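Below is run.cif, holding mmCIF, C-alpha atoms.
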```cif
data_entry
#
loop_
_atom_site.label_atom_id
_atom_site.label_comp_id
_atom_site.auth_asym_id
_atom_site.auth_seq_id
_atom_site.Cartn_x
_atom_site.Cartn_y
_atom_site.Cartn_z
CA MET A 1 -23.99 11.95 -16.24
CA LEU A 2 -21.57 14.84 -15.79
CA GLN A 3 -20.57 13.36 -12.44
CA ALA A 4 -19.79 9.99 -14.08
CA LEU A 5 -17.74 11.69 -16.79
CA TYR A 6 -15.86 13.63 -14.15
CA LEU A 7 -15.08 10.44 -12.24
CA LEU A 8 -13.94 8.78 -15.46
CA LEU A 9 -11.69 11.74 -16.20
CA GLU A 10 -10.21 11.51 -12.71
CA GLY A 11 -9.43 7.83 -13.24
CA VAL A 12 -7.86 8.50 -16.65
CA THR A 13 -5.79 11.33 -15.14
CA VAL A 14 -4.21 8.80 -12.80
CA ILE A 15 -4.04 5.73 -15.04
CA VAL A 16 -2.41 7.37 -18.10
CA PRO A 17 0.63 8.79 -16.23
CA VAL A 18 0.94 5.49 -14.34
CA LEU A 19 1.04 3.52 -17.59
CA LEU A 20 3.58 5.98 -18.99
CA ALA A 21 5.64 5.59 -15.83
CA VAL A 22 5.45 1.81 -16.24
CA ALA A 23 6.61 2.12 -19.85
CA PHE A 24 9.54 4.32 -18.89
CA MET A 25 10.35 2.06 -15.94
CA THR A 26 11.33 -0.62 -18.49
CA ILE A 27 13.75 1.69 -20.29
CA ILE A 28 15.11 2.92 -16.94
CA GLU A 29 15.73 -0.68 -15.96
CA ARG A 30 17.53 -1.49 -19.19
CA LYS A 31 19.61 1.69 -19.03
CA VAL A 32 20.60 1.20 -15.39
CA LEU A 33 21.43 -2.47 -15.96
CA ALA A 34 23.52 -1.43 -18.95
CA ALA A 35 25.30 1.20 -16.89
CA THR A 36 26.14 -1.25 -14.13
CA GLN A 37 27.55 -3.63 -16.73
CA ARG A 38 29.49 -0.88 -18.56
CA ARG A 39 27.27 -1.13 -21.66
CA VAL A 40 25.42 1.58 -23.58
CA GLY A 41 21.99 -0.06 -23.46
CA PRO A 42 19.17 0.68 -25.89
CA ASN A 43 19.99 3.95 -27.68
CA THR A 44 18.56 3.63 -31.16
CA VAL A 45 14.80 4.20 -30.94
CA GLY A 46 14.17 7.87 -30.22
CA TYR A 47 16.59 10.21 -28.53
CA TYR A 48 18.73 8.35 -25.99
CA GLY A 49 16.57 5.29 -26.62
CA ILE A 50 13.59 6.63 -24.69
CA LEU A 51 11.07 5.35 -27.23
CA GLN A 52 12.30 1.77 -26.84
CA PRO A 53 9.35 0.70 -24.60
CA PHE A 54 6.83 1.75 -27.25
CA SER A 55 8.79 -0.12 -29.88
CA ASP A 56 8.83 -3.22 -27.65
CA ALA A 57 5.10 -2.95 -26.95
CA LEU A 58 4.32 -2.62 -30.65
CA LYS A 59 6.48 -5.64 -31.44
CA LEU A 60 4.70 -7.74 -28.80
CA ILE A 61 1.22 -6.61 -29.84
CA ILE A 62 1.66 -7.52 -33.51
CA LYS A 63 2.95 -10.99 -32.63
CA GLU A 64 0.74 -14.03 -32.99
CA THR A 65 -1.11 -15.22 -29.88
CA VAL A 66 -0.40 -18.91 -29.39
CA ILE A 67 -2.49 -20.84 -26.89
CA PRO A 68 -1.70 -24.43 -25.90
CA ALA A 69 -4.33 -26.86 -27.21
CA GLN A 70 -5.09 -28.33 -23.77
CA ALA A 71 -5.14 -25.00 -21.93
CA ASN A 72 -8.15 -23.77 -19.98
CA LYS A 73 -8.78 -20.79 -22.22
CA VAL A 74 -11.02 -18.80 -19.91
CA LEU A 75 -8.54 -18.80 -17.05
CA PHE A 76 -5.66 -18.47 -19.51
CA TYR A 77 -7.03 -15.11 -20.66
CA LEU A 78 -8.42 -14.12 -17.27
CA ALA A 79 -5.09 -14.43 -15.42
CA PRO A 80 -3.20 -11.56 -17.10
CA VAL A 81 -6.30 -9.36 -17.02
CA LEU A 82 -6.69 -10.05 -13.30
CA ALA A 83 -3.02 -9.31 -12.71
CA ILE A 84 -3.11 -5.92 -14.46
CA ILE A 85 -6.45 -4.90 -12.92
CA VAL A 86 -5.27 -5.71 -9.40
CA SER A 87 -1.99 -3.87 -9.81
CA LEU A 88 -3.71 -0.78 -11.28
CA LEU A 89 -6.49 -0.73 -8.67
CA GLY A 90 -3.88 -0.07 -6.01
CA TRP A 91 -3.42 3.47 -7.35
CA ALA A 92 -6.93 4.41 -6.26
CA VAL A 93 -5.86 5.24 -2.70
CA VAL A 94 -2.47 6.80 -3.36
CA PRO A 95 -2.38 10.49 -2.35
CA PHE A 96 -0.30 12.44 -4.88
CA GLY A 97 -0.57 15.71 -2.97
CA THR A 98 -2.65 17.43 -0.31
CA GLY A 99 -6.19 16.25 -1.11
CA LEU A 100 -5.02 14.78 -4.42
CA ALA A 101 -6.20 11.18 -4.25
CA LEU A 102 -8.85 9.33 -6.24
CA SER A 103 -10.21 8.09 -2.92
CA ASP A 104 -8.93 9.22 0.46
CA PHE A 105 -10.10 5.89 1.86
CA SER A 106 -9.98 5.62 5.65
CA LEU A 107 -8.83 1.98 5.35
CA GLY A 108 -6.40 2.59 2.50
CA VAL A 109 -3.62 0.43 3.93
CA ILE A 110 -5.95 -2.54 4.38
CA TYR A 111 -7.21 -2.02 0.81
CA THR A 112 -3.64 -2.15 -0.53
CA LEU A 113 -2.77 -5.26 1.46
CA THR A 114 -5.93 -6.98 0.22
CA LEU A 115 -5.12 -6.14 -3.38
CA SER A 116 -1.58 -7.42 -3.04
CA SER A 117 -3.05 -10.71 -1.77
CA PHE A 118 -5.40 -10.86 -4.75
CA GLY A 119 -2.43 -10.58 -7.09
CA ILE A 120 -1.57 -14.19 -6.24
CA TYR A 121 -4.68 -15.42 -8.08
CA GLY A 122 -3.41 -14.07 -11.40
CA VAL A 123 -0.19 -16.02 -10.98
CA LEU A 124 -1.98 -19.17 -9.86
CA PHE A 125 -4.56 -19.08 -12.67
CA ALA A 126 -1.87 -18.46 -15.29
CA GLY A 127 0.25 -21.37 -14.15
CA TRP A 128 -2.58 -23.83 -13.78
CA SER A 129 -4.55 -22.93 -16.91
CA ALA A 130 -1.57 -23.18 -19.29
CA ASN A 131 -1.32 -26.97 -18.78
CA SER A 132 2.47 -26.77 -18.85
CA LYS A 133 4.72 -28.19 -16.17
CA TYR A 134 7.06 -25.17 -16.32
CA ALA A 135 4.25 -22.69 -15.89
CA PHE A 136 2.66 -24.79 -13.15
CA LEU A 137 5.89 -25.16 -11.17
CA GLY A 138 6.57 -21.45 -11.61
CA SER A 139 3.15 -20.52 -10.30
CA LEU A 140 3.46 -22.89 -7.32
CA ARG A 141 6.81 -21.39 -6.39
CA ALA A 142 5.47 -17.88 -6.83
CA THR A 143 2.40 -18.58 -4.72
CA ALA A 144 4.46 -20.06 -1.90
CA ALA A 145 6.81 -17.09 -1.90
CA LEU A 146 4.03 -14.49 -2.18
CA ILE A 147 1.99 -15.98 0.68
CA SER A 148 5.08 -16.21 2.88
CA TYR A 149 6.29 -12.67 2.28
CA GLU A 150 2.77 -11.26 2.56
CA LEU A 151 3.12 -11.97 6.27
CA ILE A 152 6.32 -9.93 6.59
CA LEU A 153 4.85 -7.09 4.55
CA SER A 154 1.66 -6.93 6.63
CA SER A 155 3.58 -7.14 9.91
CA ALA A 156 5.90 -4.31 8.89
CA VAL A 157 2.90 -2.19 7.91
CA ILE A 158 1.17 -2.99 11.21
CA ILE A 159 4.06 -1.33 13.06
CA ILE A 160 3.50 1.87 11.08
CA ILE A 161 -0.23 1.65 11.76
CA VAL A 162 0.48 1.32 15.49
CA LEU A 163 2.77 4.34 15.31
CA THR A 164 0.30 6.58 13.48
CA GLY A 165 -2.95 5.13 14.79
CA SER A 166 -4.51 5.27 11.35
CA PHE A 167 -5.06 3.15 8.23
CA ASN A 168 -5.36 6.25 6.09
CA TYR A 169 -2.43 7.14 3.83
CA THR A 170 -2.95 10.88 4.16
CA GLN A 171 -2.79 10.66 7.95
CA ILE A 172 0.30 8.47 7.73
CA ILE A 173 1.93 11.14 5.55
CA GLU A 174 0.84 13.95 7.87
CA SER A 175 2.32 12.06 10.85
CA GLN A 176 5.72 12.20 9.14
CA ILE A 177 5.96 15.99 9.09
CA PRO A 178 8.32 16.04 12.13
CA VAL A 179 10.43 13.08 10.99
CA TRP A 180 10.23 10.51 8.20
CA PHE A 181 9.55 7.01 9.50
CA ILE A 182 12.68 5.68 7.82
CA VAL A 183 14.68 7.32 10.64
CA PRO A 184 13.06 5.71 13.73
CA LEU A 185 11.98 2.57 11.84
CA ALA A 186 15.11 1.86 9.79
CA PRO A 187 15.17 -1.90 10.61
CA ILE A 188 11.48 -2.17 9.75
CA PHE A 189 12.16 -0.41 6.46
CA ILE A 190 14.79 -3.02 5.56
CA LEU A 191 12.36 -5.86 6.35
CA PHE A 192 9.59 -4.09 4.42
CA PHE A 193 11.77 -3.56 1.37
CA ILE A 194 12.85 -7.21 1.35
CA ALA A 195 9.17 -8.19 1.54
CA ILE A 196 8.17 -5.97 -1.38
CA LEU A 197 11.05 -7.32 -3.46
CA ALA A 198 9.54 -10.77 -2.89
CA GLU A 199 5.97 -9.52 -3.43
CA THR A 200 6.87 -8.09 -6.82
CA SER A 201 8.90 -11.22 -7.68
CA ARG A 202 12.08 -9.29 -8.31
CA VAL A 203 15.67 -10.40 -8.06
CA PRO A 204 16.85 -12.06 -5.81
CA PHE A 205 13.37 -13.51 -5.24
CA ASP A 206 12.36 -14.09 -8.88
CA LEU A 207 12.53 -17.84 -8.60
CA GLN A 208 9.29 -18.34 -10.52
CA GLU A 209 10.91 -16.73 -13.53
CA ALA A 210 14.11 -18.72 -13.18
CA GLU A 211 15.00 -18.82 -16.88
CA SER A 212 17.52 -21.59 -16.53
CA GLU A 213 15.02 -23.94 -14.88
CA LEU A 214 11.50 -22.86 -15.75
CA VAL A 215 11.83 -21.07 -19.14
CA ALA A 216 9.88 -17.99 -18.00
CA GLY A 217 7.84 -19.23 -15.06
CA PHE A 218 4.08 -18.92 -14.82
CA PHE A 219 3.74 -16.98 -18.08
CA THR A 220 5.86 -19.34 -20.17
CA GLU A 221 2.90 -20.11 -22.48
CA HIS A 222 1.57 -16.56 -22.65
CA SER A 223 2.53 -14.65 -25.74
CA SER A 224 1.71 -11.43 -27.58
CA ILE A 225 -0.80 -9.05 -25.95
CA ILE A 226 -1.53 -11.25 -22.93
CA PHE A 227 2.18 -11.36 -22.18
CA VAL A 228 2.22 -7.54 -22.40
CA LEU A 229 -0.48 -7.46 -19.72
CA PHE A 230 1.68 -9.57 -17.37
CA PHE A 231 4.65 -7.35 -18.14
CA LEU A 232 2.62 -4.21 -17.42
CA ALA A 233 1.27 -5.73 -14.20
CA GLU A 234 4.76 -6.55 -12.95
CA TYR A 235 6.17 -3.11 -13.64
CA SER A 236 3.03 -1.36 -12.39
CA SER A 237 3.44 -3.28 -9.13
CA ILE A 238 7.06 -2.13 -8.91
CA VAL A 239 6.13 1.53 -9.36
CA LEU A 240 3.15 1.16 -7.00
CA PHE A 241 5.18 -0.46 -4.23
CA SER A 242 7.93 2.14 -4.69
CA THR A 243 5.30 4.85 -4.25
CA LEU A 244 3.86 3.13 -1.18
CA THR A 245 7.34 2.77 0.32
CA SER A 246 7.99 6.47 -0.17
CA ILE A 247 4.59 7.22 1.41
CA LEU A 248 5.13 4.92 4.39
CA PHE A 249 8.79 5.69 5.08
CA LEU A 250 9.84 8.89 3.26
CA GLY A 251 6.87 11.07 4.11
CA GLY A 252 5.09 10.78 0.73
CA TYR A 253 4.45 14.21 -0.73
CA ASN A 254 5.82 15.99 2.33
CA CYS A 255 8.44 18.50 1.36
CA PRO A 256 10.11 21.59 2.81
CA MET A 257 7.71 24.53 3.11
CA ILE A 258 9.63 26.43 0.44
CA PHE A 259 8.22 24.08 -2.23
CA ILE A 260 4.59 24.53 -1.18
CA ASN A 261 2.87 27.20 -3.24
CA ASP A 262 -0.56 28.16 -4.45
CA THR A 263 0.23 28.09 -8.15
CA TYR A 264 -0.88 25.42 -10.58
CA LEU A 265 2.59 23.89 -10.45
CA ASN A 266 2.05 21.25 -7.76
CA LEU A 267 5.50 20.40 -6.55
CA GLU A 268 4.19 17.95 -3.95
CA SER A 269 3.46 15.39 -6.67
CA VAL A 270 6.89 15.99 -8.18
CA ILE A 271 8.49 15.40 -4.77
CA LEU A 272 6.53 12.15 -4.41
CA GLY A 273 7.69 11.15 -7.90
CA LEU A 274 11.33 11.85 -7.04
CA LYS A 275 11.10 9.78 -3.85
CA THR A 276 9.46 6.99 -5.85
CA CYS A 277 12.33 7.12 -8.36
CA ILE A 278 14.79 6.36 -5.56
CA PHE A 279 13.04 3.08 -4.78
CA CYS A 280 12.51 2.22 -8.45
CA PHE A 281 16.25 2.64 -8.88
CA MET A 282 16.84 0.40 -5.87
CA PHE A 283 14.73 -2.35 -7.50
CA VAL A 284 16.95 -2.23 -10.59
CA TRP A 285 20.13 -1.82 -8.55
CA PHE A 286 19.32 -4.99 -6.61
CA ARG A 287 18.63 -6.83 -9.86
CA SER A 288 22.05 -5.91 -11.17
CA THR A 289 23.76 -6.78 -7.90
CA PHE A 290 22.28 -9.90 -6.35
CA PRO A 291 22.20 -13.45 -7.69
CA ARG A 292 18.95 -15.41 -7.55
CA ILE A 293 18.62 -17.64 -4.50
CA ARG A 294 17.09 -21.11 -4.38
CA THR A 295 13.38 -21.63 -3.75
CA ASP A 296 13.84 -23.48 -0.44
CA GLN A 297 16.28 -20.78 0.71
CA ILE A 298 13.71 -18.09 -0.03
CA ILE A 299 10.98 -19.78 1.98
CA LYS A 300 13.38 -20.61 4.81
CA PHE A 301 14.70 -17.04 4.87
CA CYS A 302 11.15 -15.76 5.31
CA TRP A 303 9.93 -18.10 8.03
CA VAL A 304 13.17 -18.67 9.93
CA SER A 305 14.94 -15.31 9.66
CA LEU A 306 12.55 -12.49 8.79
CA LEU A 307 9.55 -13.61 10.82
CA PRO A 308 11.32 -13.70 14.25
CA MET A 309 12.82 -10.27 13.54
CA VAL A 310 9.56 -8.65 12.54
CA MET A 311 7.80 -10.25 15.54
CA ALA A 312 10.47 -8.83 17.84
CA PHE A 313 9.84 -5.34 16.47
CA ILE A 314 6.08 -5.81 16.72
CA ILE A 315 6.60 -6.30 20.47
CA LEU A 316 9.26 -3.60 20.87
CA VAL A 317 7.59 -0.67 19.12
CA PRO A 318 4.25 -0.62 21.04
CA CYS A 319 6.15 -1.12 24.32
CA LEU A 320 8.27 1.95 23.55
CA LEU A 321 5.19 3.95 22.59
CA VAL A 322 3.38 3.10 25.81
CA SER A 323 6.46 3.52 28.03
CA PHE A 324 7.16 7.04 26.82
CA ASP A 325 3.49 8.09 26.74
CA TRP A 326 3.40 8.48 22.96
CA ILE A 327 0.16 6.53 22.99
CA VAL A 328 -2.00 6.28 26.08
CA MET B 1 27.40 -16.51 35.58
CA ALA B 2 30.36 -17.28 33.36
CA SER B 3 28.57 -20.29 31.93
CA LEU B 4 25.50 -18.13 31.19
CA PHE B 5 27.70 -15.60 29.41
CA ARG B 6 29.33 -18.37 27.40
CA PHE B 7 25.90 -19.77 26.49
CA LEU B 8 24.71 -16.34 25.34
CA ARG B 9 27.89 -15.72 23.37
CA ARG B 10 27.60 -19.14 21.74
CA SER B 11 23.92 -18.51 20.92
CA ALA B 12 24.74 -15.13 19.41
CA HIS B 13 27.31 -16.80 17.16
CA GLU B 14 25.42 -19.99 16.32
CA SER B 15 21.93 -18.59 15.73
CA PRO B 16 22.13 -14.80 15.63
CA VAL B 17 18.60 -14.30 14.25
CA TYR B 18 16.90 -16.05 17.15
CA PHE B 19 19.26 -14.54 19.70
CA TYR B 20 18.87 -10.93 18.63
CA SER B 21 15.14 -11.36 17.94
CA LEU B 22 14.70 -12.56 21.52
CA VAL B 23 16.88 -9.72 22.81
CA ILE B 24 14.88 -7.09 20.90
CA GLY B 25 11.57 -8.78 21.75
CA PHE B 26 12.31 -8.94 25.48
CA THR B 27 13.71 -5.39 25.53
CA GLY B 28 10.18 -4.09 24.91
CA PRO B 29 8.47 -5.55 28.03
CA ALA B 30 11.60 -4.72 30.05
CA ILE B 31 11.36 -1.07 29.03
CA LEU B 32 7.64 -1.17 29.78
CA ALA B 33 8.39 -2.38 33.31
CA ILE B 34 11.30 -0.05 34.02
CA VAL B 35 10.67 3.26 32.28
CA PRO B 36 7.17 4.38 33.45
CA PRO B 37 8.03 4.27 37.22
CA ILE B 38 11.25 6.22 36.59
CA ARG B 39 9.40 8.80 34.52
CA LYS B 40 6.76 9.09 37.22
CA ARG B 41 9.41 9.59 39.90
CA MET B 42 11.11 12.26 37.79
CA GLY B 43 7.89 14.17 37.52
CA TYR B 44 6.88 13.54 33.94
CA GLU B 45 3.16 14.01 33.46
CA LEU B 46 0.89 13.64 30.49
CA ALA B 47 0.61 16.84 28.52
CA GLU B 48 -2.80 18.44 28.60
CA ALA B 49 -4.88 17.38 25.63
CA VAL B 50 -4.99 19.89 22.81
CA PRO B 51 -8.49 21.44 22.79
CA THR B 52 -10.50 20.48 19.77
CA THR B 53 -13.51 22.71 20.55
CA TYR B 54 -14.42 25.95 22.31
CA PRO B 55 -14.80 25.62 26.08
CA VAL B 56 -18.39 24.67 26.95
CA PRO B 57 -19.81 26.65 29.94
CA LYS B 58 -20.73 24.52 32.98
CA ARG B 59 -24.36 25.56 33.26
CA GLU B 60 -27.66 24.67 31.75
CA ARG B 61 -28.32 25.69 28.21
CA ARG B 62 -30.21 28.97 28.07
CA SER B 63 -33.33 28.92 26.01
CA VAL B 64 -33.23 31.28 23.08
CA SER B 65 -36.37 33.21 22.35
CA SER B 66 -37.78 32.02 19.12
CA GLU B 67 -39.06 35.50 18.31
CA PHE B 68 -35.52 36.73 17.88
CA ASP B 69 -33.74 34.33 15.56
CA ASP B 70 -36.54 31.98 14.59
CA PRO B 71 -39.54 34.10 13.69
CA PRO B 72 -42.87 32.38 12.93
CA PRO B 73 -43.26 31.57 9.25
CA SER B 74 -45.08 34.01 7.07
CA LYS B 75 -48.60 33.29 5.85
CA GLU B 76 -47.35 32.14 2.45
CA VAL B 77 -44.86 29.75 4.02
CA GLN B 78 -47.54 28.40 6.36
CA GLU B 79 -49.84 27.76 3.39
CA TYR B 80 -47.04 26.06 1.52
CA LEU B 81 -46.17 23.82 4.47
CA GLN B 82 -49.80 22.87 4.95
CA ALA B 83 -50.20 22.04 1.28
CA LYS B 84 -47.05 19.96 1.37
CA GLU B 85 -48.26 18.05 4.42
CA GLU B 86 -51.59 17.29 2.78
CA ALA B 87 -49.90 16.19 -0.39
CA THR B 88 -47.73 13.82 1.62
CA LYS B 89 -50.78 12.44 3.39
CA ASN B 90 -52.56 11.89 0.10
CA LYS B 91 -49.51 10.28 -1.41
CA PHE B 92 -49.23 7.75 1.39
CA SER B 93 -52.95 7.43 2.15
CA HIS B 94 -53.07 3.86 0.83
CA LEU B 95 -50.26 2.96 3.19
CA TYR B 96 -51.82 4.78 6.13
CA ALA B 97 -55.01 2.76 5.58
CA LYS B 98 -53.09 -0.42 6.34
CA LEU B 99 -51.85 0.95 9.67
CA PRO B 100 -53.73 0.21 12.92
CA SER B 101 -56.03 3.04 13.88
CA ARG B 102 -53.90 4.23 16.79
CA LEU B 103 -50.96 4.83 14.48
CA ARG B 104 -52.94 6.40 11.67
CA PRO B 105 -52.42 10.18 11.27
CA GLU B 106 -55.41 12.35 11.97
CA PRO B 107 -57.29 13.49 8.91
#
```

Kindly return the structure encoded in the file as structure tokens.
Amino acid sequence: MLQALYLLLEGVTVIVPVLLAVAFMTIIERKVLAATQRRVGPNTVGYYGILQPFSDALKLIIKETVIPAQANKVLFYLAPVLAIIVSLLGWAVVPFGTGLALSDFSLGVIYTLTLSSFGIYGVLFAGWSANSKYAFLGSLRATAALISYELILSSAVIIIIVLTGSFNYTQIIESQIPVWFIVPLAPIFILFFIAILAETSRVPFDLQEAESELVAGFFTEHSSIIFVLFFLAEYSSIVLFSTLTSILFLGGYNCPMIFINDTYLNLESVILGLKTCIFCFMFVWFRSTFPRIRTDQIIKFCWVSLLPMVMAFIILVPCLLVSFDWIV
Amino acid sequence: MASLFRFLRRSAHESPVYFYSLVIGFTGPAILAIVPPIRKRMGYELAEAVPTTYPVPKRERRSVSSEFDDPPPSKEVQEYLQAKEEATKNKFSHLYAKLPSRLRPEP
């Protein structure tokens, strides 16, 4: 019983800060977008507008839930729940510090890739169950893009796995003590980041949410609390993928020895958070910079441009490792 | 040779993704074919593996006298172990009965 409570407490200790981070990610996005457009942004609710996400959430929750008459109600409700569960489950294997992970799973990378594939079902169910042509088209576009870019994401991760010889995130972090992987694998990092932009359906790959064509994409018919769940899932995925990028390429919680101490102030987690913030900022920066590209261009860009490049690096990196006796 | 160069230059301009992907992709096997013989000729050798255990002596394992570090159990412990064994036998006696006689534990 005590063991179960302890496990529950561990889960809550991770989930609550993650949900807070997701909430503040929305205000960060709005503030950064405002700054890039020379606006003030939200500044009324709370000091500097930092309570705006809670105000938005409250507004959405007290709205009426409208469900289309011909919708498949089970899948209509299941889709957002599936989306949020899948995006939150990814945090189970993230190491926040030395030995600070809910599960230091030996196949953590595979687990993450599997979960990111499962995320497609939420999108597909939402689009199909709503019985709306906009939602359906949005979900089809999203599914095509997600499946395509999944390949690039997995291939980029495979190169890191070859380099470290492990699927475990902690070992991947420990392998980056001499040098962060962003230095030797800079081209792979660029491919990886493009893939995660597409995986999280962010600009310039947010074609399923193309407002001018598809209203709001696969969640056009979702309103109120179920819309909040989609919103949370999207931003949770952004923060999760930013964290994973900092783990895979910026050495995760690795930091100069001067920051490592035996006090209760664990600076490793803070360092990981700061690295994550860099990538979260990049997500917003790209949104404010790039225009959305067409759906056929996105698919073509993946299969015709990114795939040959990532395949070339998949051949090059192991050859270099074997040639210079880094792996025998 | 000049026509090959012109073809490569044209390919690099017309379809840079395929061209540079092929260049990068073929660089790997080329390095694999060229570098190891050069390294071998220059005297590079694999570093000795980092030991992950204490060195094990190359001889047979010496038997350790049980009197020294594994003394016979006291009378109380012996009684306890015997009682435990009997209890186990009684607990599984209905299962033992189903076994063929050659596998059945001695009473």

Students should find that atom CA of A:Leu78 and atom CA of A:Phe125 are spaced 7.8 Å

Using all atoms listed in the file - which residues lie no farther than 12 Å from the point (12.0, -1.8, 1.2) in the file's frame? Write them as a PDB file with C-alpha atoms, keeping the file's coordinate frame.
```
ATOM      1  CA  ILE A 152       6.320  -9.930   6.590  1.00  0.00           C
ATOM      2  CA  LEU A 153       4.850  -7.090   4.550  1.00  0.00           C
ATOM      3  CA  ALA A 156       5.900  -4.310   8.890  1.00  0.00           C
ATOM      4  CA  VAL A 157       2.900  -2.190   7.910  1.00  0.00           C
ATOM      5  CA  ILE A 182      12.680   5.680   7.820  1.00  0.00           C
ATOM      6  CA  LEU A 185      11.980   2.570  11.840  1.00  0.00           C
ATOM      7  CA  ALA A 186      15.110   1.860   9.790  1.00  0.00           C
ATOM      8  CA  PRO A 187      15.170  -1.900  10.610  1.00  0.00           C
ATOM      9  CA  ILE A 188      11.480  -2.170   9.750  1.00  0.00           C
ATOM     10  CA  PHE A 189      12.160  -0.410   6.460  1.00  0.00           C
ATOM     11  CA  ILE A 190      14.790  -3.020   5.560  1.00  0.00           C
ATOM     12  CA  LEU A 191      12.360  -5.860   6.350  1.00  0.00           C
ATOM     13  CA  PHE A 192       9.590  -4.090   4.420  1.00  0.00           C
ATOM     14  CA  PHE A 193      11.770  -3.560   1.370  1.00  0.00           C
ATOM     15  CA  ILE A 194      12.850  -7.210   1.350  1.00  0.00           C
ATOM     16  CA  ALA A 195       9.170  -8.190   1.540  1.00  0.00           C
ATOM     17  CA  ILE A 196       8.170  -5.970  -1.380  1.00  0.00           C
ATOM     18  CA  LEU A 197      11.050  -7.320  -3.460  1.00  0.00           C
ATOM     19  CA  ALA A 198       9.540 -10.770  -2.890  1.00  0.00           C
ATOM     20  CA  GLU A 199       5.970  -9.520  -3.430  1.00  0.00           C
ATOM     21  CA  THR A 200       6.870  -8.090  -6.820  1.00  0.00           C
ATOM     22  CA  ILE A 238       7.060  -2.130  -8.910  1.00  0.00           C
ATOM     23  CA  PHE A 241       5.180  -0.460  -4.230  1.00  0.00           C
ATOM     24  CA  SER A 242       7.930   2.140  -4.690  1.00  0.00           C
ATOM     25  CA  THR A 243       5.300   4.850  -4.250  1.00  0.00           C
ATOM     26  CA  LEU A 244       3.860   3.130  -1.180  1.00  0.00           C
ATOM     27  CA  THR A 245       7.340   2.770   0.320  1.00  0.00           C
ATOM     28  CA  SER A 246       7.990   6.470  -0.170  1.00  0.00           C
ATOM     29  CA  ILE A 247       4.590   7.220   1.410  1.00  0.00           C
ATOM     30  CA  LEU A 248       5.130   4.920   4.390  1.00  0.00           C
ATOM     31  CA  PHE A 249       8.790   5.690   5.080  1.00  0.00           C
ATOM     32  CA  LEU A 250       9.840   8.890   3.260  1.00  0.00           C
ATOM     33  CA  THR A 276       9.460   6.990  -5.850  1.00  0.00           C
ATOM     34  CA  ILE A 278      14.790   6.360  -5.560  1.00  0.00           C
ATOM     35  CA  PHE A 279      13.040   3.080  -4.780  1.00  0.00           C
ATOM     36  CA  CYS A 280      12.510   2.220  -8.450  1.00  0.00           C
ATOM     37  CA  PHE A 281      16.250   2.640  -8.880  1.00  0.00           C
ATOM     38  CA  MET A 282      16.840   0.400  -5.870  1.00  0.00           C
ATOM     39  CA  PHE A 283      14.730  -2.350  -7.500  1.00  0.00           C
ATOM     40  CA  PHE A 286      19.320  -4.990  -6.610  1.00  0.00           C
TER      41      PHE A 286
END
```

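Atom CA of A:Val123 is positioned 25.8 Å from atom CA of A:Leu107.
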
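Counting all atoms listed in the file, every residue of chain B that comes within 10 Å of chain A is listed here: Ser15, Pro16, Val17, Tyr18, Phe19, Tyr20, Ser21, Leu22, Val23, Ile24, Gly25, Phe26, Thr27, Gly28, Pro29, Ala30, Ile31, Leu32, Ala33, Ile34, Val35, Pro36, Pro37, Arg39, Tyr44, Glu45, Leu46 and Ala47 of chain B.
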
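Put simply, the PyMOL selection byres ((chain A and resi 204) around 7) in this file takes in Arg202, Val203, Phe205, Asp206, Arg287, Phe290, Pro291, Arg292 and Ile293 of chain A.
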
What are the centre and edge lengths in Å, to one decimal, of the axis-aligned box around all listed atoms of stretch 45-57 of chain B with 3 Å added on each side, as lines of an AutoDock Vina configuration file?
```
center_x = -8.3
center_y = 20.1
center_z = 26.6
size_x = 29.0
size_y = 19.0
size_z = 19.7
```

Problem - Answer key for the PyMOL selection byres ((chain A and resi 135) around 8), residues as a ChimeraX atom specification - result: /A:126-128,130-134,136-139,214,216-221

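Using only C-alpha atoms, the smallest distance between any of B:Ile38, B:Arg104, B:Gly43, B:Glu48 and B:Phe92 comes from B:Arg104.
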
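Of the residues listed (A:Asn254, A:Ser269, A:Thr164, A:Ser87), A:Ser87 shows the shortest atom-to-atom separation from A:Leu232; distances use all atoms listed in the file.
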
Would you kindly translate the PyMOL selection byres ((chain A and resi 68) around 10) into the concrete residues it picks from this file, as a PyMOL selection string?
chain A and resi 66-67+69-73+76+129-132+221-222

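Residues in contact with A:Glu64 at up to 10 Å, not including ones fewer than 6 positions away on its chain and judged by only C-alpha atoms, are Ser223, Ser224 and Ile225 of chain A.
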
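When atom CA of A:Ile160 is paired with atom CA of B:Val50, their separation reads 23.1 Å.
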
Closest of A:Ala92, A:Ala21, A:Val14, A:Ile62 to A:Val109, counting all atoms listed in the file, is A:Ala92
